[in-house]
file start14.pdb (PDB, C-alpha atoms)
MODEL        1
ATOM      1  CA  MET A1197      17.091  -6.279  23.678
ATOM      2  CA  LYS A1198      13.880  -5.572  21.850
ATOM      3  CA  ARG A1199      12.475  -2.108  21.440
ATOM      4  CA  THR A1200       8.727  -1.818  21.863
ATOM      5  CA  MET A1201       7.221   0.739  19.519
ATOM      6  CA  SER A1202       3.654   1.969  19.212
ATOM      7  CA  ARG A1203       2.160   5.093  17.732
ATOM      8  CA  ARG A1204       1.608   6.594  21.177
ATOM      9  CA  ALA A1205       4.758   5.256  22.790
ATOM     10  CA  LEU A1206       6.866   6.507  19.902
ATOM     11  CA  LEU A1207       6.034  10.110  20.726
ATOM     12  CA  GLY A1208       9.151  10.322  22.810
ATOM     13  CA  ALA A1209      11.081   7.309  21.633
ATOM     14  CA  GLY A1210      14.189   7.321  19.442
ATOM     15  CA  LEU A1211      13.978   5.053  16.427
ATOM     16  CA  LEU A1212      16.236   3.026  14.219
ATOM     17  CA  THR A1213      17.845   4.680  11.217
ATOM     18  CA  LEU A1214      16.741   3.702   7.761
ATOM     19  CA  ALA A1215      18.746   1.497   5.464
ATOM     20  CA  GLY A1216      19.150   2.280   1.767
ATOM     21  CA  VAL A1217      16.755   1.478  -1.041
ATOM     22  CA  GLY A1218      15.519  -2.057  -0.595
ATOM     23  CA  GLY A1219      15.434  -1.761   3.181
ATOM     24  CA  VAL A1220      12.683   0.817   3.260
ATOM     25  CA  GLY A1221       9.079  -0.216   3.778
ATOM     26  CA  GLY A1222       6.977  -0.235   0.666
ATOM     27  CA  TYR A1223       9.622   1.083  -1.716
ATOM     28  CA  GLY A1224       9.535  -1.900  -4.061
ATOM     29  CA  VAL A1225       7.132  -2.259  -6.935
ATOM     30  CA  GLY A1226       5.018  -4.939  -5.247
ATOM     31  CA  LEU A1227       1.335  -5.007  -6.162
ATOM     32  CA  PHE A1228       0.738  -1.285  -6.123
ATOM     33  CA  LEU A1229       0.533   1.145  -8.966
ATOM     34  CA  THR A1230       1.243   4.817  -9.397
ATOM     35  CA  GLU A1231       0.192   8.028 -11.056
ATOM     36  CA  GLU A1232      -0.276   8.135 -14.786
ATOM     37  CA  PRO A1233       1.911  10.591 -16.734
ATOM     38  CA  SER A1234       0.853  14.226 -16.616
ATOM     39  CA  LEU A1235      -1.208  15.411 -19.562
ATOM     40  CA  ALA A1236      -0.435  19.060 -18.839
ATOM     41  CA  GLY A1237       1.015  20.795 -21.886
ATOM     42  CA  THR A1238       0.977  19.499 -25.449
ATOM     43  CA  ALA A1239       4.172  19.606 -27.446
ATOM     44  CA  ALA A1240       4.083  20.959 -30.983
ATOM     45  CA  PRO A1241       4.932  18.368 -33.669
ATOM     46  CA  LEU A1242       8.592  18.279 -34.678
ATOM     47  CA  PRO A1243       9.631  18.775 -38.324
ATOM     48  CA  MET A1244      10.335  15.553 -40.204
ATOM     49  CA  ALA A1245      14.003  14.813 -40.699
ATOM     50  CA  VAL A1246      15.310  13.742 -44.119
ATOM     51  CA  SER A1247      17.162  10.452 -43.959
ATOM     52  CA  SER A1248      19.075   8.577 -46.621
ATOM     53  CA  GLY A1249      19.203   5.373 -44.583
ATOM     54  CA  PRO A1250      16.797   2.418 -44.623
ATOM     55  CA  PRO A1251      13.236   3.048 -43.477
ATOM     56  CA  ALA A1252      12.630   2.764 -39.771
ATOM     57  CA  THR A1253      10.850  -0.291 -38.403
ATOM     58  CA  PRO A1254       7.220   0.631 -37.742
ATOM     59  CA  THR A1255       6.230   0.765 -34.106
ATOM     60  CA  THR A1256       3.705  -1.672 -32.657
ATOM     61  CA  PRO A1257       0.335   0.038 -32.193
ATOM     62  CA  ALA A1258      -0.947   0.357 -28.668
ATOM     63  CA  PRO A1259      -3.500  -2.301 -27.696
ATOM     64  CA  PRO A1260      -7.121  -1.150 -27.430
ATOM     65  CA  PRO A1261      -8.309  -0.235 -23.923
ATOM     66  CA  LYS A1262      -9.832  -2.976 -21.803
ATOM     67  CA  LYS A1263     -13.546  -3.298 -21.485
ATOM     68  CA  ILE A1264     -14.323  -2.875 -17.801
ATOM     69  CA  VAL A1265     -16.796  -5.411 -16.474
ATOM     70  CA  PRO A1266     -18.512  -4.131 -13.307
ATOM     71  CA  ASP A1267     -18.228  -6.449 -10.303
ATOM     72  CA  ASP A1268     -21.650  -6.397  -8.691
ATOM     73  CA  THR A1269     -20.547  -8.201  -5.519
ATOM     74  CA  GLU A1270     -22.469  -6.813  -2.541
ATOM     75  CA  ALA A1271     -20.504  -4.017  -0.888
ATOM     76  CA  LEU A1272     -18.815  -4.535   2.445
ATOM     77  CA  ASN A1273     -20.785  -2.919   5.248
ATOM     78  CA  LYS A1274     -18.475  -1.342   7.796
ATOM     79  CA  ASP A1275     -21.107  -1.848  10.508
ATOM     80  CA  ASP A1276     -20.907  -5.612   9.950
ATOM     81  CA  LEU A1277     -17.124  -5.792  10.386
ATOM     82  CA  GLU A1278     -15.733  -7.299  13.571
ATOM     83  CA  TYR A1279     -12.124  -6.640  14.508
ATOM     84  CA  ARG A1280      -9.579  -8.392  16.668
ATOM     85  CA  VAL A1281      -5.880  -7.994  17.330
ATOM     86  CA  ARG A1282      -3.778 -10.168  15.039
ATOM     87  CA  GLU A1283      -0.027 -10.744  15.175
ATOM     88  CA  PHE A1284       2.683 -11.637  12.694
ATOM     89  CA  THR A1285       6.422 -11.164  12.200
ATOM     90  CA  ALA A1286       7.949  -9.252   9.293
ATOM     91  CA  THR A1287      11.635  -9.712   8.541
ATOM     92  CA  SER A1288      13.751  -7.542   6.278
ATOM     93  CA  VAL A1289      16.480  -5.268   7.652
ATOM     94  CA  VAL A1290      15.198  -5.921  11.176
ATOM     95  CA  ARG A1291      12.713  -8.338  12.716
ATOM     96  CA  SER A1292       9.394  -6.626  13.467
ATOM     97  CA  ASP A1293       6.824  -8.351  15.672
ATOM     98  CA  VAL A1294       3.623  -6.652  14.507
ATOM     99  CA  ARG A1295       0.280  -6.314  16.301
ATOM    100  CA  LEU A1296      -2.772  -4.575  14.862
ATOM    101  CA  LYS A1297      -6.542  -4.779  14.502
ATOM    102  CA  VAL A1298      -7.908  -6.332  11.319
ATOM    103  CA  PRO A1299     -11.206  -8.032  10.414
ATOM    104  CA  ARG A1300     -11.730 -11.102  12.582
ATOM    105  CA  ASP A1301     -12.456 -13.665   9.871
ATOM    106  CA  TRP A1302      -9.917 -12.665   7.225
ATOM    107  CA  GLY A1303      -7.285 -15.303   6.414
ATOM    108  CA  PHE A1304      -3.550 -14.663   6.806
ATOM    109  CA  THR A1305      -0.871 -15.290   4.186
ATOM    110  CA  GLN A1306       2.772 -14.239   3.963
ATOM    111  CA  PRO A1307       5.261 -14.382   1.093
ATOM    112  CA  ASP A1308       8.910 -15.414   1.244
ATOM    113  CA  PRO A1309      10.843 -13.311   2.177
ATOM    114  CA  PRO A1310       8.345 -12.314   4.880
ATOM    115  CA  LYS A1311       8.504  -8.521   4.564
ATOM    116  CA  ILE A1312       4.735  -8.192   4.653
ATOM    117  CA  GLY A1313       1.642  -9.776   6.141
ATOM    118  CA  ARG A1314      -1.632  -9.988   4.248
ATOM    119  CA  TYR A1315      -5.164 -10.605   5.495
ATOM    120  CA  THR A1316      -7.756 -11.547   2.839
ATOM    121  CA  ASP A1317     -11.535 -11.689   3.093
ATOM    122  CA  PRO A1318     -13.430 -14.949   2.384
ATOM    123  CA  THR A1319     -14.302 -13.837  -1.172
ATOM    124  CA  SER A1320     -10.625 -13.089  -1.988
ATOM    125  CA  LYS A1321     -11.760  -9.755  -3.443
ATOM    126  CA  ARG A1322     -10.548  -7.580  -0.559
ATOM    127  CA  TRP A1323      -7.362  -7.619   1.441
ATOM    128  CA  ILE A1324      -5.133  -5.566   3.694
ATOM    129  CA  ARG A1325      -1.371  -5.613   3.291
ATOM    130  CA  ILE A1326       1.011  -4.505   6.061
ATOM    131  CA  GLU A1327       4.728  -3.942   5.551
ATOM    132  CA  ALA A1328       7.262  -3.637   8.367
ATOM    133  CA  GLY A1329      10.764  -4.980   9.017
ATOM    134  CA  PHE A1330      12.416  -1.882   7.545
ATOM    135  CA  THR A1331      14.457   0.616   9.505
ATOM    136  CA  ILE A1332      12.996   4.054  10.052
ATOM    137  CA  ARG A1333      14.420   7.294   8.668
ATOM    138  CA  ARG A1334      12.273   9.220   6.251
ATOM    139  CA  PRO A1335       8.840  10.884   6.535
ATOM    140  CA  PRO A1336       5.697   9.377   5.007
ATOM    141  CA  ALA A1337       5.452  12.164   2.419
ATOM    142  CA  GLU A1338       8.836  11.173   1.035
ATOM    143  CA  SER A1339       7.861   7.518   1.003
ATOM    144  CA  MET A1340       4.716   8.307  -0.965
ATOM    145  CA  ALA A1341       6.615  10.505  -3.409
ATOM    146  CA  GLN A1342       9.136   7.724  -3.960
ATOM    147  CA  ARG A1343       6.336   5.264  -4.649
ATOM    148  CA  LEU A1344       4.861   7.559  -7.286
ATOM    149  CA  THR A1345       8.260   8.033  -8.889
ATOM    150  CA  ASP A1346       9.216   4.353  -8.838
ATOM    151  CA  LEU A1347       5.927   3.287 -10.403
ATOM    152  CA  ALA A1348       5.586   6.031 -13.001
ATOM    153  CA  THR A1349       6.114   3.488 -15.808
ATOM    154  CA  VAL A1350       3.010   1.402 -15.105
ATOM    155  CA  PRO A1351       1.631   0.146 -18.447
ATOM    156  CA  ALA A1352      -1.334   2.048 -19.815
ATOM    157  CA  ALA A1353      -3.236  -1.250 -19.976
ATOM    158  CA  GLN A1354      -3.621  -1.103 -16.200
ATOM    159  CA  MET A1355      -5.879   1.951 -16.691
ATOM    160  CA  LEU A1356      -4.606   3.532 -13.500
ATOM    161  CA  SER A1357      -6.342   6.611 -12.158
ATOM    162  CA  ILE A1358      -5.021   8.556  -9.171
ATOM    163  CA  LYS A1359      -7.869   9.842  -7.006
ATOM    164  CA  SER A1360      -5.859  11.677  -4.345
ATOM    165  CA  HIS A1361      -2.516  11.862  -2.585
ATOM    166  CA  THR A1362      -2.440  13.830   0.639
ATOM    167  CA  VAL A1363      -0.341  14.396   3.756
ATOM    168  CA  ASP A1364      -2.020  15.103   7.101
ATOM    169  CA  PRO A1365      -0.411  18.302   8.459
ATOM    170  CA  ASP A1366      -0.888  17.160  12.059
ATOM    171  CA  THR A1367       0.035  13.455  12.015
ATOM    172  CA  LYS A1368       2.361  13.700   8.967
ATOM    173  CA  GLU A1369       0.801  10.503   7.637
ATOM    174  CA  ALA A1370       0.538  10.204   3.850
ATOM    175  CA  THR A1371      -2.358   8.581   2.015
ATOM    176  CA  LEU A1372      -2.586   7.616  -1.643
ATOM    177  CA  VAL A1373      -5.871   6.585  -3.318
ATOM    178  CA  TYR A1374      -6.150   5.173  -6.829
ATOM    179  CA  THR A1375      -8.068   2.737  -9.019
ATOM    180  CA  TYR A1376      -6.737   0.324 -11.612
ATOM    181  CA  VAL A1377      -7.879  -2.608 -13.735
ATOM    182  CA  PRO A1378      -5.698  -5.705 -13.200
ATOM    183  CA  GLU A1379      -7.876  -7.868 -15.458
ATOM    184  CA  ASN A1380     -11.341  -6.610 -16.373
ATOM    185  CA  SER A1381     -12.779  -5.359 -13.085
ATOM    186  CA  LEU A1382     -11.946  -2.075 -11.387
ATOM    187  CA  ARG A1383     -10.061  -2.232  -8.087
ATOM    188  CA  TYR A1384      -9.958   0.514  -5.457
ATOM    189  CA  VAL A1385      -6.779   0.941  -3.400
ATOM    190  CA  ILE A1386      -5.880   3.068  -0.378
ATOM    191  CA  ILE A1387      -2.284   3.124   0.872
ATOM    192  CA  ARG A1388      -1.256   4.831   4.083
ATOM    193  CA  TRP A1389       2.258   5.476   5.312
ATOM    194  CA  VAL A1390       1.889   5.550   9.096
ATOM    195  CA  ALA A1391       3.971   8.040  11.079
ATOM    196  CA  ASN A1392       5.419   7.892  14.568
ATOM    197  CA  GLY A1393       5.707  10.808  16.984
ATOM    198  CA  GLU A1394       8.793  12.060  15.174
ATOM    199  CA  GLY A1395       6.953  12.167  11.861
ATOM    200  CA  LEU A1396       8.797   9.197  10.356
ATOM    201  CA  CYS A1397       7.278   6.241   8.517
ATOM    202  CA  THR A1398       6.817   3.076  10.605
ATOM    203  CA  PHE A1399       4.348   1.102   8.477
ATOM    204  CA  GLU A1400       3.023   0.945   4.975
ATOM    205  CA  ILE A1401      -0.570  -0.317   5.090
ATOM    206  CA  ALA A1402      -2.673  -0.826   1.978
ATOM    207  CA  VAL A1403      -6.287  -1.920   1.571
ATOM    208  CA  THR A1404      -7.577  -3.196  -1.774
ATOM    209  CA  GLY A1405     -11.197  -3.868  -2.674
ATOM    210  CA  LEU A1406     -14.052  -2.942  -4.970
ATOM    211  CA  PRO A1407     -15.224   0.637  -5.587
ATOM    212  CA  GLN A1408     -18.424  -0.014  -3.663
ATOM    213  CA  ASP A1409     -16.335  -1.039  -0.619
ATOM    214  CA  ARG A1410     -14.816   2.419  -0.155
ATOM    215  CA  GLU A1411     -16.362   3.286   3.223
ATOM    216  CA  ALA A1412     -15.602  -0.135   4.674
ATOM    217  CA  MET A1413     -12.037   0.025   3.323
ATOM    218  CA  GLU A1414     -11.480   3.375   5.015
ATOM    219  CA  ASP A1415     -12.748   1.875   8.285
ATOM    220  CA  ILE A1416     -10.450  -1.149   7.943
ATOM    221  CA  LEU A1417      -7.469   1.081   7.211
ATOM    222  CA  ASP A1418      -8.210   3.375  10.148
ATOM    223  CA  HIS A1419      -8.515   0.443  12.575
ATOM    224  CA  ALA A1420      -5.226  -1.019  11.358
ATOM    225  CA  ALA A1421      -3.242   2.232  11.255
ATOM    226  CA  ASN A1422      -4.497   3.475  14.627
ATOM    227  CA  SER A1423      -3.694   0.216  16.413
ATOM    228  CA  ALA A1424      -0.491  -0.939  14.703
ATOM    229  CA  THR A1425       2.592  -1.503  16.859
ATOM    230  CA  ARG A1426       5.915  -3.145  16.107
ATOM    231  CA  ASP A1427       8.599  -4.537  18.420
ATOM    232  CA  ASP A1428      11.915  -4.508  16.564
ATOM    233  CA  SER A1429      14.989  -6.636  17.213
ATOM    234  CA  PRO A1430      18.153  -7.397  15.231
ATOM    235  CA  ILE A1431      18.136 -10.359  12.866
ATOM    236  CA  ARG A1432      20.375 -13.049  14.273
ATOM    237  CA  PRO A1433      22.570 -14.980  11.815
ATOM    238  CA  SER A1434      21.285 -18.493  11.198
TER     239      SER A1434
ENDMDL
END

call {"tool": "encode", "arguments": {"input": "start14.pdb", "output": "structure tokens"}}
result
Amino acid sequence: MKRTMSRRALLGAGLLTLAGVGGVGGYGVGLFLTEEPSLAGTAAPLPMAVSSGPPATPTTPAPPPKKIVPDDTEALNKDDLEYRVREFTATSVVRSDVRLKVPRDWGFTQPDPPKIGRYTDPTSKRWIRIEAGFTIRRPPAESMAQRLTDLATVPAAQMLSIKSHTVDPDTKEATLVYTYVPENSLRYVIIRWVANGEGLCTFEIAVTGLPQDREAMEDILDHAANSATRDDSPIRPS
């Protein structure tokens, strides 16, 4: 029997327990980046050691930083966005039939395995990514912390910059904001780990766009997170 879960209905509902790493929503590397290493504290140089062996192989110098080329595409206007309920199925540890509001004219794609659903705007410069299909055990704050830890080795060439990482004290939802440079243009990313009534993570939803799209991206994320529901059922052997 399926279990119907929504953010309101989950206030009193018991939920599935979470599987281990690999079965948790959004815990893989995926397309998202993480915080750059802390620059707090500068170590004093160590004394040089005397060695009688062969000289060490010189290290490869770091590549020069990318030159960022501004993308002057007209910003999304949140007042021009039209939303409708869209549906897809995510399959990982469980089967999740997902419903949520996303922009009406954005195209849908899904990878294999189908752990996520992605809706992309006509320019292919903005998209929203929704992950479900995982079992539910840990709070959003822990999910966000794990993401930052897992992705702490992002190459410097990505020019990642964390803007904020916060947890709402009332809803327990966690939100991470950062920018990075995948090629030559800056990208702006907002990830939200959506909580149920028990304060546990039910979705990972991420919106990617251009810096000038920030207000529209926040609106898209809010519509998706506030409307998202998932009906979970066991995966039947084929």

call {"tool": "resolve_selection", "arguments": {"input": "start14.pdb", "expression": "the PyMOL selection byres ((chain A and resi 1277) around 10)", "output": "MDAnalysis selection string"}}
result
chainID A and resid 1272:1276 1278:1279 1298:1301 1412 1415:1416

call {"tool": "resolve_selection", "arguments": {"input": "start14.pdb", "expression": "the PyMOL selection byres ((chain A and resi 1327) around 10)", "output": "JSON, numbers by chain"}}
result
{"A": [1220, 1221, 1222, 1285, 1286, 1287, 1288, 1292, 1294, 1310, 1311, 1312, 1313, 1314, 1325, 1326, 1328, 1329, 1330, 1389, 1398, 1399, 1400, 1401, 1402]}

call {"tool": "resolve_selection", "arguments": {"input": "start14.pdb", "expression": "the PyMOL selection byres ((chain A and resi 1433) around 12)", "output": "PyMOL selection string"}}
result
chain A and resi 1290-1291+1430-1432+1434

call {"tool": "write_last_selection", "arguments": {"input": "start14.pdb", "atoms": "C-alpha atoms", "output": "PDB file, in the frame of the given file"}}
result
ATOM      1  CA  VAL A1290      15.198  -5.921  11.176  1.00  0.00           C
ATOM      2  CA  ARG A1291      12.713  -8.338  12.716  1.00  0.00           C
ATOM      3  CA  PRO A1430      18.153  -7.397  15.231  1.00  0.00           C
ATOM      4  CA  ILE A1431      18.136 -10.359  12.866  1.00  0.00           C
ATOM      5  CA  ARG A1432      20.375 -13.049  14.273  1.00  0.00           C
ATOM      6  CA  SER A1434      21.285 -18.493  11.198  1.00  0.00           C
TER       7      SER A1434
END

call {"tool": "residues_around", "arguments": {"input": "start14.pdb", "residues": "range 1358-1361 of chain A", "least_positions_apart": "5", "cutoff": "6 Å", "atoms": "only C-alpha atoms", "output": "mmCIF file with C-alpha atoms, keeping the file's coordinate frame"}}
result
data_model
loop_
_atom_site.group_PDB
_atom_site.id
_atom_site.type_symbol
_atom_site.label_atom_id
_atom_site.label_comp_id
_atom_site.auth_asym_id
_atom_site.auth_seq_id
_atom_site.Cartn_x
_atom_site.Cartn_y
_atom_site.Cartn_z
ATOM 1 C CA GLU A 1231 0.192 8.028 -11.056
ATOM 2 C CA THR A 1371 -2.358 8.581 2.015
ATOM 3 C CA LEU A 1372 -2.586 7.616 -1.643
ATOM 4 C CA VAL A 1373 -5.871 6.585 -3.318
ATOM 5 C CA TYR A 1374 -6.150 5.173 -6.829
#

call {"tool": "axis_aligned_box", "arguments": {"input": "start14.pdb", "around": "range 1418-1431 of chain A", "padding_each_side": "3 Å", "output": "AutoDock Vina command-line options"}}
result
--center_x 4.8 --center_y -3.4 --center_z 14.3 --size_x 32.7 --size_y 19.8 --size_z 14.3

call {"tool": "residues_near_point", "arguments": {"input": "start14.pdb", "point": "(-0.2, -3.0, -19.9)", "cutoff": "10 Å", "atoms": "only C-alpha atoms", "output": "ChimeraX atom specification"}}
result
/A:1258-1259,1261-1262,1349-1355,1377-1378

call {"tool": "closest_residue", "arguments": {"input": "start14.pdb", "among": "A:Ser1423, A:Thr1269, A:Ser1429, A:Thr1404", "to": "Thr1319 in chain A", "atoms": "all atoms listed in the file"}}
result
A:Thr1269

call {"tool": "closest_residue", "arguments": {"input": "start14.pdb", "among": "A:Val1289, A:Leu1406, A:Ile1264, A:Leu1344", "to": "Arg1383 in chain A", "atoms": "only C-alpha atoms"}}
result
A:Leu1406

call {"tool": "atom_distance", "arguments": {"input": "start14.pdb", "atom1": "CA of Arg1388 in chain A", "atom2": "CA of Met1340 in chain A"}}
result
8.6 Å

call {"tool": "atom_distance", "arguments": {"input": "start14.pdb", "atom1": "CA of Thr1305 in chain A", "atom2": "CA of Ala1370 in chain A"}}
result
25.5 Å

call {"tool": "closest_residue", "arguments": {"input": "start14.pdb", "among": "A:Ala1391, A:Arg1333, A:Trp1302, A:Thr1316", "to": "Ala1424 in chain A", "atoms": "all atoms listed in the file"}}
result
A:Ala1391

call {"tool": "atom_distance", "arguments": {"input": "start14.pdb", "atom1": "CA of Ile1387 in chain A", "atom2": "CA of Ile1324 in chain A"}}
result
9.6 Å

call {"tool": "closest_residue", "arguments": {"input": "start14.pdb", "among": "A:Arg1295, A:Lys1321, A:Phe1284, A:Leu1382", "to": "Ser1357 in chain A", "atoms": "all atoms listed in the file"}}
result
A:Leu1382

call {"tool": "closest_residue", "arguments": {"input": "start14.pdb", "among": "A:Pro1336, A:Ala1341, A:Ser1320, A:Gly1303", "to": "Pro1365 in chain A", "atoms": "all atoms listed in the file"}}
result
A:Pro1336

call {"tool": "residues_near_point", "arguments": {"input": "start14.pdb", "point": "(-1.5, 4.6, 13.3)", "cutoff": "8 Å", "atoms": "all atoms listed in the file", "output": "MDAnalysis selection string"}}
result
chainID A and resid 1203 1390:1392 1418 1420:1424

call {"tool": "closest_residue", "arguments": {"input": "start14.pdb", "among": "A:Glu1369, A:Glu1338, A:Asp1293, A:Glu1379", "to": "Lys1263 in chain A", "atoms": "all atoms listed in the file"}}
result
A:Glu1379
